[in-house]
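Student: Contents of input35.tsv (TSV, C-alpha atoms and all ligand atoms) are below:
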```tsv
chain	number	residue	atom	x	y	z
A	1	ASP	CA	-41.71	-8.41	36.58
A	2	PRO	CA	-44.73	-9.55	38.61
A	3	PRO	CA	-46.66	-6.93	40.59
A	4	THR	CA	-45.80	-6.41	44.26
A	5	ASN	CA	-49.31	-5.26	45.22
A	6	GLU	CA	-52.65	-4.87	43.46
A	7	ASN	CA	-52.09	-1.27	42.39
A	8	GLU	CA	-48.72	-2.07	40.88
A	9	PRO	CA	-48.61	-3.29	37.30
A	10	ALA	CA	-46.94	-6.40	35.93
A	11	THR	CA	-44.28	-5.01	33.60
A	12	LYS	CA	-42.08	-6.14	30.76
A	13	THR	CA	-39.40	-4.32	28.79
A	14	LEU	CA	-38.47	-5.64	25.36
A	15	PHE	CA	-36.13	-4.45	22.65
A	16	LYS	CA	-37.74	-4.88	19.24
A	17	PHE	CA	-38.38	-2.83	16.10
A	18	ASP	CA	-35.19	-0.96	16.93
A	19	THR	CA	-36.83	0.43	19.99
A	20	VAL	CA	-37.51	-0.09	23.70
A	21	ILE	CA	-40.97	-1.43	24.39
A	22	ASN	CA	-42.55	-1.05	27.81
A	23	LEU	CA	-45.66	-3.02	28.70
A	24	LYS	CA	-47.68	-2.53	31.88
A	25	ILE	CA	-50.72	-4.53	32.81
A	26	TYR	CA	-52.62	-3.70	36.01
A	27	GLY	CA	-54.73	-5.87	38.25
A	28	ASP	CA	-54.82	-9.16	36.37
A	29	ASP	CA	-53.71	-12.45	37.91
A	30	GLU	CA	-52.71	-13.81	34.54
A	31	SER	CA	-50.59	-10.85	33.50
A	32	ALA	CA	-47.40	-12.92	33.34
A	33	LYS	CA	-49.07	-15.20	30.81
A	34	HIS	CA	-50.31	-12.19	28.82
A	35	LEU	CA	-46.87	-10.61	28.74
A	36	LYS	CA	-45.38	-13.82	27.38
A	37	LYS	CA	-48.04	-14.06	24.68
A	38	ILE	CA	-47.46	-10.45	23.70
A	39	GLU	CA	-43.74	-11.00	23.38
A	40	GLN	CA	-44.43	-13.87	21.00
A	41	MET	CA	-46.90	-11.71	19.05
A	42	LEU	CA	-44.34	-8.97	18.61
A	43	ASP	CA	-41.79	-11.51	17.37
A	44	ASP	CA	-44.32	-12.73	14.82
A	45	VAL	CA	-45.03	-9.22	13.56
A	46	ASP	CA	-41.32	-8.59	13.22
A	47	GLN	CA	-41.04	-11.78	11.21
A	48	GLN	CA	-43.91	-10.64	9.01
A	49	ILE	CA	-43.09	-7.02	8.17
A	50	ASN	CA	-39.51	-6.13	9.08
A	51	MET	CA	-37.82	-5.58	5.72
A	52	SER	CA	-34.36	-6.15	7.15
A	53	ASN	CA	-35.44	-9.57	8.39
A	54	LYS	CA	-34.56	-11.91	5.52
A	55	ASP	CA	-37.44	-14.24	6.35
A	56	SER	CA	-40.11	-11.55	6.27
A	57	GLU	CA	-42.81	-11.23	3.65
A	58	ILE	CA	-41.84	-7.62	3.01
A	59	HIS	CA	-38.26	-8.71	2.32
A	60	ALA	CA	-39.58	-11.27	-0.19
A	61	ILE	CA	-41.64	-8.59	-1.98
A	62	ASN	CA	-38.58	-6.33	-2.15
A	63	GLN	CA	-36.39	-9.11	-3.50
A	64	ALA	CA	-38.87	-9.77	-6.30
A	65	ALA	CA	-39.22	-6.09	-7.32
A	66	GLY	CA	-39.62	-5.70	-11.07
A	67	LYS	CA	-39.77	-9.46	-11.49
A	68	GLN	CA	-42.71	-11.22	-9.94
A	69	ALA	CA	-45.73	-10.98	-7.71
A	70	VAL	CA	-45.31	-12.46	-4.23
A	71	LYS	CA	-48.02	-14.29	-2.33
A	72	VAL	CA	-48.43	-12.93	1.20
A	73	SER	CA	-50.55	-13.55	4.29
A	74	ARG	CA	-53.94	-11.88	4.64
A	75	GLU	CA	-52.46	-9.76	7.46
A	76	THR	CA	-49.62	-8.41	5.36
A	77	PHE	CA	-51.94	-7.80	2.42
A	78	ASP	CA	-54.36	-5.83	4.60
A	79	LEU	CA	-51.56	-3.81	6.16
A	80	MET	CA	-50.26	-2.93	2.69
A	81	LYS	CA	-53.76	-1.97	1.65
A	82	VAL	CA	-54.02	0.43	4.57
A	83	SER	CA	-50.56	1.79	3.71
A	84	VAL	CA	-51.45	2.43	0.07
A	85	ASP	CA	-54.82	3.96	1.02
A	86	TYR	CA	-53.00	6.37	3.31
A	87	ALA	CA	-50.50	7.14	0.56
A	88	LYS	CA	-53.42	8.17	-1.66
A	89	ASP	CA	-55.15	10.09	1.12
A	90	THR	CA	-52.00	12.06	1.95
A	91	GLN	CA	-51.14	12.52	-1.75
A	92	GLY	CA	-47.93	10.63	-1.26
A	93	ALA	CA	-46.64	12.48	1.81
A	94	PHE	CA	-46.72	9.04	3.41
A	95	ASP	CA	-45.37	6.50	0.93
A	96	PRO	CA	-44.61	2.90	1.93
A	97	SER	CA	-42.39	2.54	-1.15
A	98	ILE	CA	-39.93	4.99	0.45
A	99	GLY	CA	-37.36	2.12	0.74
A	100	PRO	CA	-34.82	3.28	-1.90
A	101	LEU	CA	-34.50	6.69	-0.22
A	102	VAL	CA	-34.26	5.19	3.27
A	103	SER	CA	-31.49	2.84	2.09
A	104	LEU	CA	-29.62	5.62	0.36
A	105	TRP	CA	-29.66	8.09	3.25
A	106	LYS	CA	-29.06	5.37	5.89
A	107	ILE	CA	-30.06	7.81	8.62
A	108	GLY	CA	-29.46	6.26	12.00
A	109	ASN	CA	-27.68	3.37	10.25
A	110	GLY	CA	-24.28	4.78	9.48
A	111	GLY	CA	-25.20	7.47	6.96
A	112	GLU	CA	-23.27	10.64	7.80
A	113	HIS	CA	-23.14	12.46	4.50
A	114	VAL	CA	-25.60	13.94	2.06
A	115	PRO	CA	-25.67	11.48	-0.84
A	116	ASP	CA	-24.77	12.47	-4.38
A	117	ALA	CA	-27.58	14.41	-6.12
A	118	LYS	CA	-27.72	11.90	-8.95
A	119	LEU	CA	-28.24	9.04	-6.53
A	120	ILE	CA	-30.98	10.98	-4.74
A	121	ASP	CA	-32.77	11.55	-8.04
A	122	GLN	CA	-32.41	7.92	-8.98
A	123	ALA	CA	-33.79	6.69	-5.64
A	124	LYS	CA	-36.58	9.27	-5.74
A	125	SER	CA	-37.71	8.04	-9.15
A	126	LEU	CA	-38.29	4.59	-7.65
A	127	VAL	CA	-40.55	5.87	-4.87
A	128	ASN	CA	-44.16	5.75	-5.99
A	129	TYR	CA	-47.01	3.99	-4.22
A	130	GLN	CA	-48.87	3.78	-7.54
A	131	ASP	CA	-46.29	1.23	-8.64
A	132	ILE	CA	-47.30	-1.15	-5.85
A	133	ILE	CA	-49.48	-3.68	-7.64
A	134	MET	CA	-51.92	-5.41	-5.32
A	135	ASP	CA	-54.02	-8.38	-6.37
A	136	GLU	CA	-56.66	-9.01	-3.72
A	137	ALA	CA	-58.09	-12.19	-5.30
A	138	ASN	CA	-54.70	-13.91	-5.25
A	139	LEU	CA	-53.29	-12.08	-2.21
A	140	THR	CA	-50.19	-11.07	-4.12
A	141	ILE	CA	-48.12	-7.91	-4.16
A	142	LYS	CA	-45.70	-6.85	-6.86
A	143	LEU	CA	-43.44	-3.84	-7.07
A	144	ALA	CA	-43.56	-2.70	-10.69
A	145	LYS	CA	-39.92	-1.61	-11.08
A	146	GLU	CA	-36.64	-3.25	-10.26
A	147	GLY	CA	-34.92	-1.40	-7.41
A	148	MET	CA	-38.18	-0.46	-5.71
A	149	SER	CA	-38.59	-1.43	-2.06
A	150	LEU	CA	-41.14	-1.21	0.71
A	151	ASP	CA	-40.25	0.25	4.10
A	152	LEU	CA	-42.91	0.06	6.77
A	153	GLY	CA	-40.95	2.03	9.39
A	154	GLY	CA	-43.68	4.67	9.39
A	155	ILE	CA	-46.55	2.27	10.14
A	156	GLY	CA	-45.11	-0.92	11.66
A	157	LYS	CA	-44.95	0.15	15.28
A	158	GLY	CA	-48.53	1.39	15.23
A	159	TYR	CA	-49.67	-1.84	13.62
A	160	ALA	CA	-47.88	-3.87	16.30
A	161	ALA	CA	-49.32	-1.72	19.08
A	162	ASP	CA	-52.85	-2.29	17.71
A	163	LEU	CA	-52.36	-6.05	17.70
A	164	VAL	CA	-51.28	-5.94	21.32
A	165	ALA	CA	-54.24	-3.73	22.22
A	166	ASP	CA	-56.67	-6.09	20.43
A	167	TYR	CA	-55.28	-8.98	22.41
A	168	LEU	CA	-55.63	-7.14	25.73
A	169	HIS	CA	-59.19	-6.09	24.92
A	170	LYS	CA	-60.06	-9.68	24.06
A	171	GLU	CA	-58.63	-10.78	27.40
A	172	GLN	CA	-60.78	-8.09	29.05
A	173	ILE	CA	-57.85	-6.25	30.55
A	174	GLU	CA	-59.21	-2.96	31.89
A	175	SER	CA	-56.03	-1.14	32.67
A	176	ALA	CA	-52.78	-1.25	30.71
A	177	ILE	CA	-50.16	0.84	28.93
A	178	ILE	CA	-48.44	-0.25	25.74
A	179	ASP	CA	-45.48	2.00	25.00
A	180	LEU	CA	-43.34	1.48	21.92
A	181	GLY	CA	-40.29	3.67	22.32
A	182	GLY	CA	-42.23	6.57	23.80
A	183	SER	CA	-43.46	7.49	20.34
A	184	SER	CA	-46.37	5.03	19.97
A	185	ILE	CA	-48.46	4.71	23.11
A	186	ILE	CA	-51.80	3.04	23.69
A	187	ALA	CA	-53.47	3.68	27.03
A	188	ILE	CA	-56.14	1.08	27.73
A	189	GLY	CA	-58.99	1.95	30.06
A	190	ARG	CA	-58.03	4.05	33.08
A	191	LYS	CA	-55.67	3.75	36.02
A	192	PRO	CA	-56.78	1.06	38.50
A	193	SER	CA	-57.77	3.94	40.82
A	194	GLY	CA	-60.31	5.08	38.21
A	195	GLU	CA	-58.39	8.26	37.40
A	196	GLN	CA	-57.34	9.14	33.88
A	197	TRP	CA	-53.82	8.35	32.71
A	198	ARG	CA	-51.36	11.23	32.74
A	199	ILE	CA	-49.09	10.78	29.74
A	200	GLY	CA	-45.94	12.84	29.31
A	201	LEU	CA	-45.27	14.14	25.80
A	202	GLN	CA	-41.64	13.98	24.76
A	203	ASP	CA	-39.65	17.21	24.57
A	204	PRO	CA	-38.16	17.01	21.05
A	205	ASP	CA	-34.99	18.81	22.17
A	206	ARG	CA	-34.25	16.68	25.19
A	207	LYS	CA	-33.31	13.10	25.78
A	208	ARG	CA	-35.86	10.30	25.93
A	209	GLY	CA	-38.24	10.59	28.84
A	210	GLU	CA	-37.99	14.37	29.29
A	211	GLN	CA	-41.40	15.78	28.69
A	212	LEU	CA	-42.69	19.14	27.54
A	213	ALA	CA	-46.33	18.64	28.44
A	214	ILE	CA	-48.78	16.27	30.05
A	215	ILE	CA	-52.02	15.07	28.56
A	216	GLN	CA	-54.74	13.38	30.59
A	217	LEU	CA	-56.89	10.78	28.90
A	218	ASP	CA	-58.39	7.33	28.97
A	219	ASN	CA	-58.63	4.67	26.28
A	220	GLU	CA	-56.58	6.58	23.77
A	221	THR	CA	-53.71	6.38	21.33
A	222	ILE	CA	-50.82	8.82	21.08
A	223	ASP	CA	-48.13	8.83	18.42
A	224	SER	CA	-45.30	11.29	17.85
A	225	SER	CA	-42.91	11.70	14.95
A	226	GLY	CA	-40.22	14.27	14.68
A	227	VAL	CA	-37.00	15.42	13.17
A	228	TYR	CA	-35.17	14.73	16.42
A	229	GLU	CA	-35.26	10.93	16.57
A	230	ARG	CA	-32.42	9.92	14.27
A	231	PHE	CA	-30.29	12.40	12.36
A	232	PHE	CA	-26.85	13.69	11.40
A	233	MET	CA	-25.66	17.27	10.97
A	234	GLU	CA	-23.86	18.63	7.91
A	235	ASN	CA	-23.04	22.32	7.41
A	236	GLY	CA	-25.45	23.27	10.16
A	237	VAL	CA	-28.35	21.40	8.56
A	238	ARG	CA	-30.12	18.57	10.35
A	239	TYR	CA	-30.67	15.54	8.13
A	240	HIS	CA	-33.21	13.33	9.85
A	241	HIS	CA	-35.19	10.16	9.18
A	242	ILE	CA	-38.47	11.53	7.82
A	243	LEU	CA	-38.07	11.90	4.09
A	244	ASP	CA	-40.10	13.94	1.64
A	245	PRO	CA	-40.84	11.67	-1.34
A	246	LYS	CA	-41.22	14.77	-3.54
A	247	THR	CA	-37.73	16.16	-2.90
A	248	GLY	CA	-35.87	13.01	-1.90
A	249	PHE	CA	-34.51	14.91	1.13
A	250	PRO	CA	-35.35	14.90	4.84
A	251	THR	CA	-38.12	17.44	5.36
A	252	GLN	CA	-37.10	21.07	6.02
A	253	ASN	CA	-40.32	22.92	6.63
A	254	GLY	CA	-40.11	24.47	10.07
A	255	LEU	CA	-41.84	21.58	11.84
A	256	LYS	CA	-39.98	19.89	14.67
A	257	SER	CA	-42.55	17.28	15.63
A	258	VAL	CA	-46.16	16.22	15.35
A	259	THR	CA	-48.15	14.28	17.92
A	260	ILE	CA	-51.38	12.59	16.93
A	261	VAL	CA	-54.02	11.77	19.55
A	262	GLY	CA	-56.81	9.36	18.65
A	263	GLY	CA	-57.63	6.76	16.04
A	264	THR	CA	-55.98	3.38	15.96
A	265	ALA	CA	-52.24	3.26	16.62
A	266	THR	CA	-51.80	2.39	12.95
A	267	ASP	CA	-53.67	5.57	11.93
A	268	ALA	CA	-51.75	7.66	14.42
A	269	ASP	CA	-48.35	6.26	13.39
A	270	VAL	CA	-48.97	7.01	9.70
A	271	LEU	CA	-50.54	10.39	10.31
A	272	SER	CA	-47.73	11.67	12.51
A	273	THR	CA	-45.18	10.86	9.79
A	274	ALA	CA	-47.36	12.17	6.95
A	275	VAL	CA	-48.13	15.46	8.63
A	276	VAL	CA	-44.45	16.11	9.42
A	277	VAL	CA	-43.87	15.78	5.65
A	278	MET	CA	-46.70	18.23	4.83
A	279	ASP	CA	-46.02	21.36	6.93
A	280	LEU	CA	-47.87	23.31	9.58
A	281	GLU	CA	-50.45	24.91	7.29
A	282	GLU	CA	-51.18	21.95	5.06
A	283	GLY	CA	-50.97	19.49	7.96
A	284	MET	CA	-53.36	21.56	10.07
A	285	ALA	CA	-55.88	21.75	7.21
A	286	TYR	CA	-55.53	18.02	6.59
A	287	MET	CA	-56.03	17.12	10.27
A	288	ASN	CA	-58.93	19.53	10.72
A	289	GLN	CA	-61.00	17.61	8.19
A	290	LYS	CA	-60.45	14.32	10.04
A	291	GLN	CA	-62.95	13.20	12.66
A	292	ASN	CA	-61.87	11.92	16.08
A	293	VAL	CA	-58.15	12.38	15.45
A	294	GLU	CA	-56.31	15.42	16.81
A	295	ALA	CA	-52.85	16.84	16.33
A	296	MET	CA	-50.26	18.87	18.18
A	297	PHE	CA	-47.63	20.55	16.00
A	298	ILE	CA	-44.33	21.90	17.34
A	299	THR	CA	-42.39	24.31	15.15
A	300	GLU	CA	-38.63	24.96	15.10
A	301	ASP	CA	-39.26	28.17	17.06
A	302	ASN	CA	-40.87	26.19	19.90
A	303	ARG	CA	-44.44	27.22	19.26
A	304	ILE	CA	-47.17	24.66	19.79
A	305	TYR	CA	-50.27	24.58	17.60
A	306	LEU	CA	-53.28	22.38	18.34
A	307	THR	CA	-56.29	21.18	16.38
A	308	SER	CA	-59.52	22.27	18.07
A	309	GLY	CA	-60.18	18.95	19.86
A	310	LEU	CA	-56.93	19.23	21.84
A	311	LYS	CA	-57.43	22.79	23.07
A	312	GLY	CA	-57.48	22.92	26.86
A	313	LYS	CA	-56.21	19.36	27.18
A	314	ILE	CA	-52.47	19.91	27.04
A	315	ASN	CA	-50.70	21.03	30.23
A	316	LEU	CA	-47.38	22.58	29.33
A	317	THR	CA	-44.66	21.71	31.83
A	318	ASN	CA	-41.79	23.40	30.03
A	319	THR	CA	-41.47	27.16	29.71
A	320	ARG	CA	-39.29	27.08	26.60
A	321	TYR	CA	-42.46	26.35	24.61
A	322	THR	CA	-45.37	28.64	23.85
A	323	LEU	CA	-48.89	27.44	23.28
A	324	VAL	CA	-50.43	29.38	20.39
A	325	GLU	CA	-54.16	29.81	21.05
A	401	LIG	P1	-40.11	6.45	14.64
A	401	LIG	O1	-41.27	6.55	15.57
A	401	LIG	O2	-39.46	5.12	14.56
A	401	LIG	O3	-39.14	7.56	14.75
A	401	LIG	P2	-41.80	7.39	12.52
A	401	LIG	O4	-43.14	6.88	12.82
A	401	LIG	O5	-41.53	8.83	12.71
A	401	LIG	O6	-40.69	6.50	13.20
A	401	LIG	O7	-41.47	7.01	11.01
A	401	LIG	C1	-40.19	7.23	10.46
A	401	LIG	C2	-39.80	6.06	9.61
A	401	LIG	O8	-40.75	5.93	8.54
A	401	LIG	C3	-38.46	6.22	8.92
A	401	LIG	O9	-37.42	5.69	9.70
A	401	LIG	C4	-38.65	5.46	7.63
A	401	LIG	O10	-38.46	4.07	7.85
A	401	LIG	C5	-40.10	5.70	7.31
A	401	LIG	N1	-40.35	6.91	6.49
A	401	LIG	C6	-39.60	8.04	6.36
A	401	LIG	N2	-40.19	8.93	5.55
A	401	LIG	C7	-41.37	8.36	5.16
A	401	LIG	C8	-42.44	8.78	4.31
A	401	LIG	N3	-42.45	9.98	3.71
A	401	LIG	N4	-43.46	7.90	4.13
A	401	LIG	C9	-43.49	6.69	4.73
A	401	LIG	N5	-42.52	6.25	5.54
A	401	LIG	C10	-41.48	7.07	5.77
```
Could you spell out this file's structure in structure tokens?
Ligand code: ADP
Tutor:
Amino acid sequence: DPPTNENEPATKTLFKFDTVINLKIYGDDESAKHLKKIEQMLDDVDQQINMSNKDSEIHAINQAAGKQAVKVSRETFDLMKVSVDYAKDTQGAFDPSIGPLVSLWKIGNGGEHVPDAKLIDQAKSLVNYQDIIMDEANLTIKLAKEGMSLDLGGIGKGYAADLVADYLHKEQIESAIIDLGGSSIIAIGRKPSGEQWRIGLQDPDRKRGEQLAIIQLDNETIDSSGVYERFFMENGVRYHHILDPKTGFPTQNGLKSVTIVGGTATDADVLSTAVVVMDLEEGMAYMNQKQNVEAMFITEDNRIYLTSGLKGKINLTNTRYTLVE
């Protein structure tokens, strides 16, 4: 929609990447043009990396698993390089070759039962980022074993958000919000009034849009991942969509969600997933040795733990949670 006055943004809502995308651009006469361009960009990214899109490069790599190397675009190659580097850095907590486990569990896509243990073992044995063979000179990628598959669900939204942000920076937009499903948010600049943005952080136990805290910031990225997004229950256990490559099961480690603040949206998207897989202690140690990226951890018992850079910056708005100092 076009803005009605100069403090109102031009807005667009799209449904892509299985999620609702909200775009807001403030104070630019050409915002309608920008929003159109961005929509096209997001379509292109989907075409490039969505493994369930039969025309995508990732789909082609998956189809050729165990058989041949597939030539890809520079963009896809670079994204895979970042993915594999993060897999190494997180010692496999984040693993872009998680595909066989995602397909087996089908969480959020009709899976309602714990799969057979044998099948879990089989799928797990195919998940290993070290079996992604990348040839930079020829821009090819090969999955070493038949049955392997890439799944970029843990990085794709961040990557897309970064592309949109790059575009808006290039167009010298000074005030905008890019929100991919409430879990990947880039705030560009400040509000047109000059104040900082006030961003609500999702309450993991409540429906979309209900917040547990507010954070004030400018020019920043926020990404959340949690065990609440997509799941089914069996015998009182919650089976959700973040899988531990080591066990082959959805993580069960006392963490309910992790929010990353800072870095690129790609960084933040990967880190939020990876740190949920670690656990509070390991994840906190991992995040503390990273510069300029902060984390908020929420445990199953509703306690909130922050890395040092976030202390004093989170305003709790919900009394069910306790901030641990
Ligand atoms: P969303 O914001 O869509 O809920 P997340 O950023 O939390 O997604 O990432 C979850 C998605 O990442 C899963 O749906 C799956 O596609 C993929 N995934 C699950 N476990 C892992 C893992 N250990 N490493 C990499 N990707 C994963």
Student: Which protein, DNA or RNA residues have an atom within 6 Å of ligand LIG 401 (chain A), counting all atoms listed in the file, as a PDB file with C-alpha atoms, keeping the file's coordinate frame?
Tutor:
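Result file follows (pocket37.pdb):
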```pdb
ATOM      1  CA  ALA A  93     -46.640  12.480   1.810  1.00  0.00           C
ATOM      2  CA  PHE A  94     -46.720   9.040   3.410  1.00  0.00           C
ATOM      3  CA  ASP A  95     -45.370   6.500   0.930  1.00  0.00           C
ATOM      4  CA  PRO A  96     -44.610   2.900   1.930  1.00  0.00           C
ATOM      5  CA  ILE A  98     -39.930   4.990   0.450  1.00  0.00           C
ATOM      6  CA  ASP A 151     -40.250   0.250   4.100  1.00  0.00           C
ATOM      7  CA  GLY A 153     -40.950   2.030   9.390  1.00  0.00           C
ATOM      8  CA  GLY A 154     -43.680   4.670   9.390  1.00  0.00           C
ATOM      9  CA  SER A 183     -43.460   7.490  20.340  1.00  0.00           C
ATOM     10  CA  SER A 225     -42.910  11.700  14.950  1.00  0.00           C
ATOM     11  CA  GLY A 226     -40.220  14.270  14.680  1.00  0.00           C
ATOM     12  CA  GLU A 229     -35.260  10.930  16.570  1.00  0.00           C
ATOM     13  CA  HIS A 241     -35.190  10.160   9.180  1.00  0.00           C
ATOM     14  CA  ILE A 242     -38.470  11.530   7.820  1.00  0.00           C
ATOM     15  CA  LEU A 243     -38.070  11.900   4.090  1.00  0.00           C
ATOM     16  CA  ASP A 244     -40.100  13.940   1.640  1.00  0.00           C
ATOM     17  CA  PRO A 245     -40.840  11.670  -1.340  1.00  0.00           C
ATOM     18  CA  ASP A 269     -48.350   6.260  13.390  1.00  0.00           C
ATOM     19  CA  THR A 273     -45.180  10.860   9.790  1.00  0.00           C
TER      20      THR A 273
END
```
Student: Have a look at A:Val324, A:Ala117, A:Val127, A:Ile25 and name the one nearest to Ile173 of chain A; count only C-alpha atoms.
Tutor: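 Counting only C-alpha atoms, the residue closest to Ile173 of chain A is A:Ile25.
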Student: Quote the spacing between atom CA of Lys157 of chain A and atom CA of Ala64 of chain A in Å to one decimal place.
Tutor: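 According to the coordinates, atom CA of Lys157 of chain A and atom CA of Ala64 of chain A are separated by 24.5 Å.
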Student: Go through segment 50-73 of chain A and flag each residue having an atom no more than 8 Å from segment 141-144 of chain A; for those, report the closest pair of atoms plus their distance in Å to one decimal, using all atoms listed in the file, ordered by chain and rising number, as CSV.
Tutor:
```
residue,atom,partner,partner_atom,distance
A:Ile61,CA,A:Lys142,CA,6.6
A:Asn62,CA,A:Leu143,CA,7.4
A:Ala64,CA,A:Lys142,CA,7.4
A:Ala65,CA,A:Leu143,CA,4.8
A:Gly66,CA,A:Ala144,CA,5.0
A:Lys67,CA,A:Ala144,CA,7.8
A:Gln68,CA,A:Lys142,CA,6.1
A:Ala69,CA,A:Lys142,CA,4.2
A:Val70,CA,A:Ile141,CA,5.3
A:Lys71,CA,A:Ile141,CA,6.6
A:Val72,CA,A:Ile141,CA,7.4
```
Student: Build an axis-aligned box that encloses every atom of segment 211-219 of chain A listed in the file, pad it by 8 Å on each side, and report its centre and edge lengths in Å to one decimal, as AutoDock Vina command-line options.
Tutor:
```
--center_x -50.0 --center_y 11.9 --center_z 28.4 --size_x 33.2 --size_y 30.5 --size_z 20.3
```
